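Notes for the one structure printed next.
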Amino acid sequence: MNPEVFAVELEQGIDASTFDFLLQFVQEGKREHIHKMKIKRDKDLSLTGDILAKLAIKKVFGIPFAEIKFDLTQAGKPYVFNRCDVHFNISHSGNRVVCAVHDKPVGIDIQKMKEPRLEALAKRFFTQKEQECFFSTPPDTRKVQFFKIWTAKESYIKFLGTGMKDVKKDIDESCVIRTSLLFPDYVVSICHER
């Protein structure tokens with residue numbers, strides 16, 4: 001089985017009645033987390049990610065929606081409670097939400113390409129190998145290269161499920177990472193076992 005990727009675009013915010021309706025399908029801890037968020041867009045994206053993951057898992061594995069319960073590892077990686085054969089990962093950026101579903105560990109990351117201080121971020125977070133790849137890229141294509149490296153790195157860290165402590169770790173050769181420009185101005189990477 002190859003990982004399956006599901007995506008949603010939120011062109012507008014979720015209206016209050018729809019938000020409240022969807023919130024009932026989210027577990028209590030996640031509901032509290034969403035309510036604590038200060039920015040409405042973040043609430044909408046988080047809620048959408050949770051619902052998208054459940055719909056994707058239902059479609060791929062045939063598990064009834066009501067039976068899908070999420071929990072978090074100590075490092076904060078979400079997993080399906082009592083189902084070691086079901087793996088998923090969620091990411092959101094801008095107005096897009098993506099979810100990868102697989103029968104083995106998986107990580108996914110999406111980033112809307114912006115132009116913050118790319119060189120400074122590369123020096124701070126990229127490994128020596130990643131920096132060499134980034135800085136050897138012609139300046140006119142560096143933005144895309146930066147986000148390809150960044151999303152690959154994030155998907156790998158999310159695949160590992162160990163948190164940001166592995167940000168300066170090179171990607172293990174036992175993994176497969178696929179990176180693409182899934183939408184205009186967005187880069188998506190997915191990481192899974194080879």
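How things are named: the first chain in the structure tokens is A, the next is B, and so on; residues count from 1 in each chain; ligands count from 1 in the order shown.
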
Based on the backbone DSSP call, show me all residues of range 6-76 of chain A assigned strand (DSSP E or B), as an mmCIF file with N, CA and C atoms, in the first residue's frame.
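Saved file states16.cif follows:
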```cif
data_model
loop_
_atom_site.group_PDB
_atom_site.id
_atom_site.type_symbol
_atom_site.label_atom_id
_atom_site.label_comp_id
_atom_site.auth_asym_id
_atom_site.auth_seq_id
_atom_site.Cartn_x
_atom_site.Cartn_y
_atom_site.Cartn_z
ATOM 1 N N PHE A 6 -4.926 13.343 1.077
ATOM 2 C CA PHE A 6 -6.204 14.037 0.949
ATOM 3 C C PHE A 6 -5.955 15.514 1.223
ATOM 4 N N ALA A 7 -6.664 16.379 0.499
ATOM 5 C CA ALA A 7 -6.432 17.819 0.638
ATOM 6 C C ALA A 7 -7.751 18.584 0.599
ATOM 7 N N VAL A 8 -7.773 19.698 1.333
ATOM 8 C CA VAL A 8 -8.938 20.581 1.369
ATOM 9 C C VAL A 8 -8.444 22.016 1.281
ATOM 10 N N GLU A 9 -9.186 22.826 0.554
ATOM 11 C CA GLU A 9 -8.917 24.262 0.506
ATOM 12 C C GLU A 9 -10.049 24.978 1.224
ATOM 13 N N PHE A 70 -8.550 9.513 18.305
ATOM 14 C CA PHE A 70 -7.161 9.951 18.218
ATOM 15 C C PHE A 70 -6.560 10.126 19.606
ATOM 16 N N ASP A 71 -5.261 9.924 19.670
ATOM 17 C CA ASP A 71 -4.493 10.208 20.872
ATOM 18 C C ASP A 71 -3.152 10.760 20.420
ATOM 19 N N LEU A 72 -2.323 11.175 21.370
ATOM 20 C CA LEU A 72 -1.011 11.728 21.055
ATOM 21 C C LEU A 72 0.074 10.940 21.768
#
```

Which residues are near range 176-179 of chain A? Cut-off 10 Å, only C-alpha atoms, ignore same chain within fewer than 6 positions. Put them as a PDB file with C-alpha atoms, in the first residue's frame.
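Saved file around-v3.pdb follows:
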```pdb
ATOM      1  CA  VAL A 106       3.939   8.573   7.667  1.00  0.00           C
ATOM      2  CA  GLY A 107       4.676  12.283   7.838  1.00  0.00           C
ATOM      3  CA  ILE A 108       3.356  15.113   5.678  1.00  0.00           C
ATOM      4  CA  ASP A 109       4.033  18.831   5.513  1.00  0.00           C
ATOM      5  CA  ILE A 110       2.576  21.628   3.419  1.00  0.00           C
ATOM      6  CA  PHE A 147      10.474  25.107   0.672  1.00  0.00           C
ATOM      7  CA  LYS A 148      11.272  21.745  -0.904  1.00  0.00           C
ATOM      8  CA  ILE A 149      13.991  21.201   1.700  1.00  0.00           C
ATOM      9  CA  THR A 151       8.794  20.472   3.805  1.00  0.00           C
ATOM     10  CA  ALA A 152      10.946  17.372   3.286  1.00  0.00           C
ATOM     11  CA  LYS A 153      12.605  18.026   6.659  1.00  0.00           C
ATOM     12  CA  SER A 155       7.644  15.547   6.880  1.00  0.00           C
ATOM     13  CA  TYR A 156      10.648  13.489   8.026  1.00  0.00           C
ATOM     14  CA  VAL A 187       4.934  22.820  -1.598  1.00  0.00           C
ATOM     15  CA  VAL A 188       3.967  19.465  -0.101  1.00  0.00           C
ATOM     16  CA  SER A 189       6.256  16.654   1.060  1.00  0.00           C
ATOM     17  CA  ILE A 190       5.306  13.206   2.272  1.00  0.00           C
ATOM     18  CA  CYS A 191       7.676  10.820   4.056  1.00  0.00           C
ATOM     19  CA  HIS A 192       7.286   7.072   4.589  1.00  0.00           C
ATOM     20  CA  GLU A 193       9.390   3.929   4.877  1.00  0.00           C
ATOM     21  CA  ARG A 194      11.159   2.713   1.754  1.00  0.00           C
TER      22      ARG A 194
END
```

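Take the candidates A:Val5, A:Leu23, A:Met37, A:Leu181 and check each one against Lys59 in chain A using only C-alpha atoms; the shortest distance goes to A:Val5.
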
Might you pull out every residue within 12 Å of Lys143 in chain A, with only C-alpha atoms counted and same-chain residues fewer than 4 positions away left off, and present them as a PyMOL selection string?
chain A and resi 111-119+121-122+134-135+137-139+147-150+185-187

Contacts of Phe65 in chain A at 10 Å (only C-alpha atoms; same-chain gap of 2+ positions) as a PyMOL selection string:
chain A and resi 25+51+54-59+62-63+67-69
